[in-house]
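Participant: So that you have it, the file is query.txt, and it contains compact mmCIF, C-alpha atoms and all ligand atoms:
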# COMPACT_ATOMS: atom_id res chain seq x y z
CA MET A 15 122.96 90.59 92.27
CA GLU A 16 122.83 93.99 90.62
CA ASN A 17 124.75 97.00 91.89
CA ILE A 18 121.80 99.33 92.56
CA THR A 19 122.58 102.62 94.25
CA GLY A 20 119.45 104.68 93.99
CA ASN A 21 116.20 102.84 93.68
CA PRO A 22 114.73 100.43 96.19
CA VAL A 23 115.89 96.86 95.61
CA THR A 24 113.72 93.75 95.28
CA TYR A 25 113.88 90.07 94.35
CA ASN A 26 117.39 88.86 93.45
CA ASN A 27 118.84 92.26 94.23
CA TYR A 28 117.54 92.14 97.78
CA LEU A 29 120.28 90.90 100.07
CA HIS A 30 118.95 87.47 100.98
CA THR A 31 120.26 87.65 104.56
CA ARG A 32 117.75 90.45 105.14
CA LEU A 33 114.65 88.67 103.87
CA PHE A 34 113.66 88.05 107.49
CA LEU A 35 112.62 91.74 107.54
CA ILE A 36 109.87 91.01 105.02
CA ASP A 37 108.60 88.14 107.16
CA ASP A 38 108.73 90.38 110.23
CA LEU A 39 106.72 93.04 108.42
CA ARG A 40 104.18 90.48 107.21
CA ASN A 41 103.73 89.08 110.71
CA LEU A 42 103.28 92.54 112.16
CA VAL A 43 100.75 93.86 109.64
CA GLU A 44 98.58 90.80 110.13
CA LYS A 45 97.91 92.07 113.62
CA CYS A 46 98.53 95.80 113.86
CA SER A 47 99.62 99.03 112.23
CA VAL A 48 103.35 99.56 111.95
CA ILE A 49 106.00 102.24 111.84
CA ILE A 50 109.25 101.41 110.02
CA GLU A 51 112.12 103.20 111.67
CA ALA A 52 115.64 103.53 110.30
CA PRO A 53 118.06 106.24 109.21
CA ARG A 54 118.36 107.39 105.64
CA ARG A 55 119.08 104.82 102.96
CA PHE A 56 118.85 101.84 105.28
CA GLY A 57 116.37 100.06 103.05
CA LYS A 58 112.96 101.09 104.37
CA THR A 59 111.28 101.43 100.98
CA SER A 60 112.99 98.24 99.80
CA VAL A 61 111.36 96.27 102.62
CA LEU A 62 107.98 97.57 101.48
CA LYS A 63 108.62 97.02 97.77
CA GLU A 64 109.89 93.49 98.31
CA PHE A 65 106.88 92.74 100.50
CA ILE A 66 104.61 94.01 97.70
CA ARG A 67 106.53 92.00 95.10
CA GLN A 68 106.24 88.80 97.12
CA GLU A 69 102.53 89.35 97.63
CA THR A 70 101.76 90.18 94.00
CA ARG A 71 104.10 87.91 92.04
CA THR A 72 102.22 85.76 89.57
CA ASP A 73 103.43 82.45 90.99
CA ALA A 74 102.51 83.45 94.54
CA LYS A 75 99.85 81.47 96.28
CA GLN A 76 96.79 83.64 96.61
CA SER A 77 97.97 86.74 98.45
CA ASP A 78 96.44 87.57 101.82
CA PHE A 79 96.61 91.31 101.31
CA ASN A 80 95.45 94.24 99.19
CA ILE A 81 98.32 96.70 99.41
CA LEU A 82 98.03 100.43 98.71
CA PHE A 83 101.39 102.17 98.47
CA LEU A 84 101.42 105.98 98.76
CA GLU A 85 104.69 107.82 98.20
CA LEU A 86 104.18 111.12 100.03
CA GLU A 87 107.45 112.99 99.72
CA GLY A 88 106.00 115.53 97.29
CA GLU A 89 102.62 116.14 98.95
CA GLU A 90 102.46 119.64 100.35
CA THR A 91 98.95 120.00 101.73
CA VAL A 92 96.42 117.90 103.61
CA ASN A 93 94.18 118.21 100.57
CA GLU A 94 96.83 116.61 98.33
CA PHE A 95 97.31 113.83 100.86
CA CYS A 96 93.58 113.13 101.08
CA LEU A 97 93.19 113.17 97.31
CA LYS A 98 95.99 110.64 96.93
CA LEU A 99 94.54 108.33 99.57
CA PHE A 100 91.05 108.72 98.08
CA LYS A 101 92.31 107.82 94.58
CA GLU A 102 94.06 104.70 95.85
CA LEU A 103 90.89 103.62 97.64
CA LEU A 104 88.74 104.27 94.58
CA ASN A 105 91.13 102.21 92.50
CA LEU A 106 91.01 99.34 94.99
CA TYR A 107 87.21 99.33 94.93
CA ARG A 108 87.35 99.22 91.14
CA ILE A 109 89.90 96.41 91.00
CA ARG A 110 87.91 94.40 93.51
CA LYS A 111 84.74 95.01 91.43
CA ARG A 112 82.93 96.92 94.14
CA VAL A 113 82.40 100.25 92.37
CA GLU A 114 78.66 100.16 93.16
CA GLU A 115 79.46 100.68 96.82
CA ILE A 116 81.26 103.92 96.05
CA SER A 117 78.09 105.81 95.12
CA ARG A 118 76.46 104.53 98.28
CA PHE A 119 79.35 105.85 100.37
CA LEU A 120 79.85 109.13 98.55
CA GLY A 121 76.31 110.17 97.63
CA ASP A 122 74.37 110.40 94.34
CA THR A 123 76.45 113.26 92.98
CA TRP A 124 79.20 110.69 92.53
CA ASN A 125 77.17 108.32 90.31
CA ILE A 126 78.51 109.59 87.00
CA LEU A 127 82.12 109.64 88.12
CA ALA A 128 81.76 106.18 89.65
CA SER A 129 80.47 104.74 86.39
CA ARG A 130 83.30 106.44 84.47
CA LEU A 131 85.74 104.97 86.97
CA LYS A 132 84.30 101.54 86.27
CA LYS A 133 84.59 102.01 82.49
CA ILE A 134 87.88 103.84 81.99
CA GLY A 135 89.89 103.53 85.20
CA ILE A 136 91.41 105.81 87.79
CA LEU A 137 94.13 107.37 85.62
CA ASP A 138 91.64 108.72 83.10
CA ILE A 139 89.40 110.39 85.65
CA GLY A 140 92.27 112.11 87.47
CA VAL A 141 91.48 115.62 86.22
CA GLU A 142 87.75 115.33 86.97
CA LEU A 143 88.50 114.01 90.43
CA ARG A 144 90.81 116.88 91.21
CA GLU A 145 88.24 119.36 89.93
CA LYS A 146 85.38 117.85 91.90
CA THR A 147 87.32 117.81 95.17
CA ARG A 148 89.24 121.08 94.77
CA GLU A 149 87.23 122.96 97.39
CA TYR A 150 86.94 120.09 99.88
CA SER A 151 87.67 121.00 103.47
CA PHE A 152 89.37 118.51 105.75
CA SER A 153 86.04 117.57 107.33
CA THR A 154 84.48 116.91 103.89
CA TRP A 155 87.42 114.67 103.06
CA LYS A 156 86.94 112.77 106.28
CA GLU A 157 83.22 112.32 105.50
CA LYS A 158 84.11 110.83 102.10
CA ILE A 159 87.07 108.70 103.13
CA ASP A 160 85.76 107.31 106.45
CA PRO A 161 83.09 105.04 104.90
CA MET A 162 85.51 103.83 102.24
CA ILE A 163 87.96 102.77 104.95
CA SER A 164 85.22 101.17 107.07
CA GLY A 165 84.05 99.40 103.90
CA LEU A 166 87.39 97.56 103.85
CA ASN A 167 86.05 95.49 106.75
CA SER A 168 83.82 93.66 104.30
CA PHE A 169 86.65 92.76 101.86
CA ASN A 170 87.79 89.17 101.98
CA LYS A 171 91.45 90.20 102.17
CA GLN A 172 93.20 92.43 104.64
CA THR A 173 94.14 95.86 103.23
CA ILE A 174 97.51 97.39 104.02
CA ILE A 175 97.81 101.14 103.42
CA VAL A 176 101.43 102.24 103.25
CA PHE A 177 102.49 105.86 103.74
CA ASP A 178 106.10 106.11 102.59
CA GLU A 179 107.93 109.33 103.52
CA PHE A 180 105.09 110.35 105.84
CA PRO A 181 107.32 112.58 108.05
CA ASP A 182 108.68 114.31 104.94
CA MET A 183 105.14 115.27 104.09
CA LEU A 184 104.66 116.69 107.59
CA MET A 185 107.83 118.75 107.08
CA ASN A 186 106.35 120.06 103.82
CA PHE A 187 103.27 121.13 105.78
CA LYS A 188 105.55 122.88 108.25
CA ASN A 189 107.34 124.79 105.50
CA LYS A 190 104.05 125.86 103.96
CA ALA A 191 102.28 126.85 107.19
CA SER A 192 102.27 130.57 107.89
CA GLU A 193 102.36 130.08 111.69
CA PRO A 194 103.89 127.26 113.78
CA ALA A 195 100.48 126.91 115.48
CA ASP A 196 98.85 126.15 112.09
CA PHE A 197 101.31 123.34 111.49
CA LYS A 198 100.71 121.88 114.93
CA LEU A 199 96.94 122.01 114.51
CA MET A 200 97.08 120.48 111.03
CA THR A 201 99.39 117.67 112.13
CA ASP A 202 97.33 117.04 115.23
CA ASN A 203 94.12 116.87 113.15
CA LEU A 204 95.63 114.58 110.54
CA THR A 205 97.39 112.16 112.89
CA GLY A 206 94.35 112.22 115.20
CA TRP A 207 92.08 111.24 112.32
CA LEU A 208 94.40 108.45 111.18
CA ARG A 209 94.52 107.16 114.73
CA SER A 210 90.73 107.17 114.96
CA LEU A 211 90.59 105.15 111.73
CA ARG A 212 92.92 102.57 113.25
CA GLN A 213 90.74 102.41 116.33
CA LYS A 214 87.54 101.96 114.33
CA GLN A 215 88.52 98.42 113.48
CA ASP A 216 85.73 96.07 114.42
CA GLY A 217 88.10 93.62 116.06
CA ARG A 218 88.94 91.65 112.93
CA SER A 219 91.87 93.79 111.81
CA LYS A 220 90.80 94.04 108.18
CA TYR A 221 92.98 97.05 107.44
CA GLN A 222 96.28 98.30 108.79
CA PHE A 223 98.55 101.25 108.12
CA VAL A 224 102.30 101.30 107.67
CA PHE A 225 104.14 104.58 108.30
CA CYS A 226 107.61 104.93 106.97
CA GLY A 227 110.17 107.69 106.61
CA SER A 228 113.68 108.59 107.60
CA ILE A 229 112.91 111.77 109.53
CA ASN A 230 112.10 110.47 112.96
CA LEU A 231 108.31 110.53 113.09
CA ARG A 232 108.07 109.81 116.80
CA LYS A 233 110.40 112.65 117.64
CA THR A 234 108.69 115.08 115.27
CA LEU A 235 105.32 114.42 116.90
CA GLU A 236 106.73 114.43 120.42
CA GLU A 237 108.32 117.81 119.82
CA ILE A 238 104.97 119.35 119.03
CA GLY A 239 103.37 117.54 121.95
CA ILE A 240 101.31 114.96 120.08
CA GLY A 241 103.49 111.86 120.44
CA LYS A 242 100.49 109.95 121.79
CA ARG A 243 98.96 109.99 118.32
CA ILE A 244 101.15 107.10 117.24
CA ASN A 245 101.75 105.22 120.46
CA ASP A 246 99.60 102.33 119.20
CA LEU A 247 101.98 101.55 116.33
CA GLU A 248 104.34 98.58 116.47
CA THR A 249 107.87 99.34 115.35
CA LEU A 250 109.84 97.51 112.70
CA VAL A 251 113.48 98.46 113.09
CA ILE A 252 115.80 97.99 110.14
CA PRO A 253 119.12 97.11 111.73
CA PRO A 254 122.54 97.94 110.33
CA ILE A 255 124.28 95.08 108.50
CA ASN A 256 126.65 92.87 110.44
CA SER A 257 130.00 91.73 109.05
CA ASP A 258 128.69 88.39 107.71
CA GLU A 259 125.98 90.17 105.76
CA ALA A 260 128.46 92.75 104.53
CA GLU A 261 130.66 89.94 103.21
CA VAL A 262 127.75 88.26 101.42
CA LEU A 263 126.84 91.58 99.79
CA ILE A 264 130.36 92.39 98.63
CA THR A 265 131.22 88.91 97.34
CA SER A 266 127.88 88.64 95.51
CA LEU A 267 128.39 92.01 93.83
CA ALA A 268 132.02 91.21 92.95
CA GLU A 269 131.05 87.84 91.46
CA GLY A 270 128.12 89.32 89.57
CA TYR A 271 130.41 91.78 87.79
CA GLY A 272 133.38 89.45 87.33
CA MET A 273 135.55 91.55 89.63
CA ASP A 274 138.59 89.79 90.98
CA MET A 275 139.01 91.17 94.50
CA ASP A 276 141.48 89.46 96.77
CA HIS A 277 140.64 88.47 100.34
CA ASP A 278 142.21 91.56 101.92
CA SER A 279 140.44 94.00 99.67
CA ILE A 280 137.09 92.31 100.35
CA GLN A 281 137.77 92.44 104.09
CA TYR A 282 138.71 96.10 103.80
CA VAL A 283 135.38 96.96 102.16
CA VAL A 284 133.55 94.77 104.69
CA SER A 285 135.20 96.64 107.57
CA LYS A 286 134.09 99.96 106.10
CA ILE A 287 130.44 99.03 105.72
CA THR A 288 129.82 96.78 108.74
CA ASP A 289 127.33 98.42 111.10
CA GLY A 290 126.18 100.68 108.32
CA SER A 291 123.58 100.07 105.62
CA PRO A 292 123.75 97.90 102.49
CA TYR A 293 123.68 101.18 100.60
CA TYR A 294 127.26 101.94 101.72
CA GLY A 295 128.33 98.63 100.21
CA GLN A 296 126.50 99.34 96.98
CA ILE A 297 128.04 102.79 96.51
CA LEU A 298 131.53 101.67 97.40
CA MET A 299 131.31 98.78 94.95
CA LYS A 300 130.01 101.19 92.34
CA ALA A 301 133.03 103.46 92.89
CA ILE A 302 135.33 100.42 92.54
CA ARG A 303 133.57 99.23 89.39
CA GLU A 304 133.75 102.65 87.82
CA THR A 305 137.54 102.35 87.55
CA ARG A 306 136.73 99.75 84.84
CA GLU A 307 139.56 97.55 86.04
CA THR A 308 139.01 93.88 86.86
CA THR A 309 141.67 92.99 89.42
CA PHE A 310 141.73 94.69 92.78
CA LYS A 311 144.24 94.60 95.61
CA ILE A 312 143.80 96.34 98.93
CA GLU A 313 145.94 99.40 98.15
CA LYS A 314 143.90 100.22 95.10
CA VAL A 315 140.64 99.73 96.97
CA LYS A 316 141.82 101.97 99.81
CA ALA A 317 142.65 104.73 97.33
CA ILE A 318 139.24 104.40 95.64
CA TYR A 319 137.54 104.62 99.02
CA GLU A 320 139.45 107.77 99.98
CA THR A 321 138.65 109.40 96.65
CA MET A 322 135.00 108.54 97.02
CA LEU A 323 134.89 110.11 100.48
CA ARG A 324 136.79 113.25 99.67
CA GLY A 325 135.87 113.77 96.04
CA GLY A 326 132.27 114.92 96.63
CA SER A 327 130.70 111.66 95.41
CA HIS A 328 127.17 112.19 94.14
CA ASP A 329 126.06 109.04 95.98
CA LEU A 330 126.97 110.58 99.33
CA ASN A 331 124.95 113.75 98.76
CA HIS A 332 121.84 112.24 100.35
CA PHE A 333 123.61 112.35 103.67
CA HIS A 334 124.19 116.09 103.43
CA SER A 335 120.84 117.09 102.03
CA ARG A 336 119.03 117.32 105.36
CA LEU A 337 121.85 119.38 106.88
CA GLU A 338 121.67 121.72 103.89
CA GLU A 339 117.92 121.99 104.06
CA TYR A 340 117.26 122.43 107.73
CA LEU A 341 120.28 124.19 109.22
CA ALA A 342 121.36 127.83 108.96
CA PRO A 343 124.98 128.30 107.76
CA GLY A 344 126.41 128.72 111.32
CA GLU A 345 124.52 125.67 112.60
CA LYS A 346 125.64 123.65 109.62
CA GLU A 347 129.28 124.51 110.13
CA CYS A 348 129.05 123.61 113.80
CA SER A 349 127.24 120.34 113.05
CA ALA A 350 129.87 119.40 110.47
CA ILE A 351 132.64 119.85 113.06
CA VAL A 352 130.74 117.83 115.65
CA LEU A 353 129.96 115.04 113.20
CA LYS A 354 133.57 114.86 112.03
CA GLN A 355 134.73 114.63 115.62
CA LEU A 356 132.22 111.88 116.41
CA CYS A 357 133.25 109.89 113.34
CA PHE A 358 136.83 109.70 114.45
CA GLU A 359 136.56 109.31 118.18
CA SER A 360 133.87 109.02 120.75
CA THR A 361 133.45 112.29 122.59
CA HIS A 362 131.44 113.03 125.67
CA GLU A 363 128.47 115.31 125.13
CA LYS A 364 129.95 117.84 127.55
CA GLU A 365 133.16 118.14 125.55
CA LEU A 366 131.41 118.89 122.27
CA TYR A 367 130.92 122.55 123.08
CA ASP A 368 134.67 123.03 123.33
CA VAL A 369 135.19 121.20 120.04
CA CYS A 370 133.03 123.76 118.28
CA ARG A 371 134.57 126.86 119.78
N1 LIG A 401 118.12 94.52 101.34
C1 LIG A 401 118.97 95.19 100.57
N2 LIG A 401 119.86 94.54 99.78
C2 LIG A 401 120.72 95.22 99.00
N3 LIG A 401 120.79 96.57 98.93
C3 LIG A 401 119.93 97.26 99.68
C4 LIG A 401 118.97 96.63 100.54
N4 LIG A 401 118.26 97.58 101.15
C5 LIG A 401 118.72 98.77 100.71
N5 LIG A 401 119.73 98.59 99.82
C6 LIG A 401 120.52 99.68 99.19
O1 LIG A 401 120.11 100.89 99.77
C7 LIG A 401 119.57 101.80 98.79
C8 LIG A 401 118.44 102.53 99.43
O2 LIG A 401 117.36 101.65 99.67
P1 LIG A 401 115.90 102.23 100.01
O3 LIG A 401 115.50 103.26 99.02
O4 LIG A 401 115.03 101.08 100.23
O5 LIG A 401 116.24 102.92 101.42
P2 LIG A 401 115.36 103.95 102.25
O6 LIG A 401 115.67 103.70 103.69
O7 LIG A 401 113.94 103.91 101.84
O8 LIG A 401 116.02 105.34 101.78
P3 LIG A 401 115.47 106.85 102.03
O9 LIG A 401 115.83 107.18 103.43
O10 LIG A 401 116.22 107.66 101.02
O11 LIG A 401 113.99 106.82 101.78
C9 LIG A 401 119.25 100.92 97.59
O12 LIG A 401 119.40 101.64 96.36
C10 LIG A 401 120.31 99.84 97.71
O13 LIG A 401 121.52 100.33 97.19
MG MG A 402 112.63 105.39 101.12
Spell out the structure here as structure tokens.
Facilitator:
Amino acid sequence: MENITGNPVTYNNYLHTRLFLIDDLRNLVEKCSVIIEAPRRFGKTSVLKEFIRQETRTDAKQSDFNILFLELEGEETVNEFCLKLFKELLNLYRIRKRVEEISRFLGDTWNILASRLKKIGILDIGVELREKTREYSFSTWKEKIDPMISGLNSFNKQTIIVFDEFPDMLMNFKNKASEPADFKLMTDNLTGWLRSLRQKQDGRSKYQFVFCGSINLRKTLEEIGIGKRINDLETLVIPPINSDEAEVLITSLAEGYGMDMDHDSIQYVVSKITDGSPYYGQILMKAIRETRETTFKIEKVKAIYETMLRGGSHDLNHFHSRLEEYLAPGEKECSAIVLKQLCFESTHEKELYDVCR
């Protein structure tokens, strides 16, 4: 098992005790659209990537799904989102040798581009596509994309359309919108449209959507009064790791790198990461490995852990980034005090005000 601390993990690097999550996801998407909920770095994207790997590996029995994976963190406008979705759909129609249908769906003005798509592929028509759709309004996009989604009903396989970091994209919209009302309207229109697409299924569930992202999507939509837009989604929760899993992770990583960690030091690391995410285990093992020593006793491991926590480890920055981005300096200071307090002892909500004073 490799010590991976940034990218999503798949295959042998995916903690085998968690493979049940992939089966859970597969069972859910066969029937309905899904929202994957978990805090930052809990392994949401890894579940998706491992699902895709299992479905597309060359030795797999014929896969049951076409999977479109859209990473949305960087998309700042509805137009960018629609263009990305449109491109993925065009590519799917090409791969499945159904380009002819595209002109029928999109109109004759698309004939030339459709035949170029067939000949040279989606990557090489990217600039033309962007140019042709630059002035599209949201309703034009819907006109173009709706039939392509409905067309998925006639595919022999089910299509799964994954929106990773969907709530991050909504936050980008919020930052770009000149008025809060614009953001609300835009989000309402977009999530309303996506809901109507889910409801257009003709009973055979030939396409499903998966929404994923660490900013709580339900809460974001509830706050602006449109929580009902996603109340048809089934939830896949990624749970924290229990102590058995934590031990499997740490011993596999130690073995893989020839690290001689005694029982107590392993148990110490296990105690620190139990009820957290596998990511904590990965970054702590990385910090231990970086000492370039091979034998580890508990005292040494404790010292490495303390240094990692207090030394401004790069791998812990993710956990601060949202505080930095969304809170004003006073709010951030107050939140830091509250969080510190909560980490060390449980405190009743009513007492927190006094803690901050
Ligand atoms: N099943 C797993 N087995 C081993 N390590 C894992 C597993 N899932 C996640 N990790 C660890 O967590 C890190 C983050 O995983 P991933 O990117 O999938 O999480 P995420 O929830 O999508 O994160 P973000 O909130 O940043 O989008 C990986 O680099 C890896 O270190
Ligand atoms: Mg992710």
Participant: Calculate how many Å separate CA of Glu261 in chain A from CA of Asp274 in chain A, rounding to one decimal.
Facilitator: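 That distance, rounded to one decimal, is 14.6 Å.
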Participant: Set the distance at 12 Å and use all atoms listed in the file: which residues neighbour Ile139 in chain A once local chain neighbours fewer than 4 positions away are removed? I'd like the list as a ChimeraX atom specification.
Facilitator: /A:101,104-105,126-135,143-146
Participant: Would you mind exporting the chosen residues as a compact mmCIF listing (two decimals), keeping the file's coordinate frame, restricted to C-alpha atoms?
Facilitator:
# COMPACT_ATOMS: atom_id res chain seq x y z
CA LYS A 101 92.31 107.82 94.58
CA LEU A 104 88.74 104.27 94.58
CA ASN A 105 91.13 102.21 92.50
CA ILE A 126 78.51 109.59 87.00
CA LEU A 127 82.12 109.64 88.12
CA ALA A 128 81.76 106.18 89.65
CA SER A 129 80.47 104.74 86.39
CA ARG A 130 83.30 106.44 84.47
CA LEU A 131 85.74 104.97 86.97
CA LYS A 132 84.30 101.54 86.27
CA LYS A 133 84.59 102.01 82.49
CA ILE A 134 87.88 103.84 81.99
CA GLY A 135 89.89 103.53 85.20
CA LEU A 143 88.50 114.01 90.43
CA ARG A 144 90.81 116.88 91.21
CA GLU A 145 88.24 119.36 89.93
CA LYS A 146 85.38 117.85 91.90
Participant: Neighbours of ligand LIG 401 (chain A) within 6 Å, counting all atoms listed in the file, as JSON, numbers by chain?
Facilitator: {"A": [18, 19, 20, 21, 22, 23, 27, 28, 29, 32, 54, 55, 56, 57, 58, 59, 60, 228, 292, 293, 296]}
Participant: Range 356-370 of chain A: which residues within 12 Å, counting all atoms listed in the file, same-chain residues fewer than 6 positions away excluded, as a PyMOL selection string?
Facilitator: chain A and resi 344-350
Participant: Which residues are close to Lys314 in chain A, i.e. within 9 Å by all atoms listed in the file, leaving aside same-chain residues fewer than 4 positions away? Reply as a list in words.
Facilitator: Ser279, Ile302, Phe310, Ile318 and Tyr319 of chain A
Participant: Could you jot down the CA of Glu304 in chain A to CA of Gly272 in chain A separation for me, Å, one decimal place?
Facilitator: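 Going from CA of Glu304 in chain A over to CA of Gly272 in chain A, I get 13.2 Å.
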Participant: So how far away is CA of Glu64 in chain A from CA of Tyr25 in chain A, in Å?
Facilitator: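 Between these atoms lies a distance of 6.6 Å.
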Participant: Within 9 Å of range 108-118 of chain A, which residues of range 144-211 of chain A come that close, and what is the closest atom pair and distance in Å for each? Count only C-alpha atoms and give it as JSON lines.
Facilitator:
{"residue": "A:Met162", "atom": "CA", "partner": "A:Ile116", "partner_atom": "CA", "distance": 7.5}
{"residue": "A:Gly165", "atom": "CA", "partner": "A:Glu115", "partner_atom": "CA", "distance": 8.5}
{"residue": "A:Phe169", "atom": "CA", "partner": "A:Arg110", "partner_atom": "CA", "distance": 8.6}
Participant: List the neighbours of Asp78 in chain A out to 8 Å using all atoms listed in the file; skip same-chain residues closer than 6 positions along the sequence, and give me the result as a list of chain:residue names.
Facilitator: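 In the requested format, the answer is A:Glu69, A:Lys171, A:Gln172.
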Participant: With all atoms listed in the file as the atoms that count, which of A:Arg232, A:Lys242, A:Asp160, A:Glu248 lies nearest to Leu39 in chain A?
Facilitator: A:Glu248
Participant: With distances taken over only C-alpha atoms and all ligand atoms, which of A:Leu208, A:Leu86, A:Lys214, A:Ile175 is nearest to ligand MG 402 (chain A)?
Facilitator: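 The shortest atom-to-atom distance to ligand MG 402 (chain A) comes from A:Leu86.
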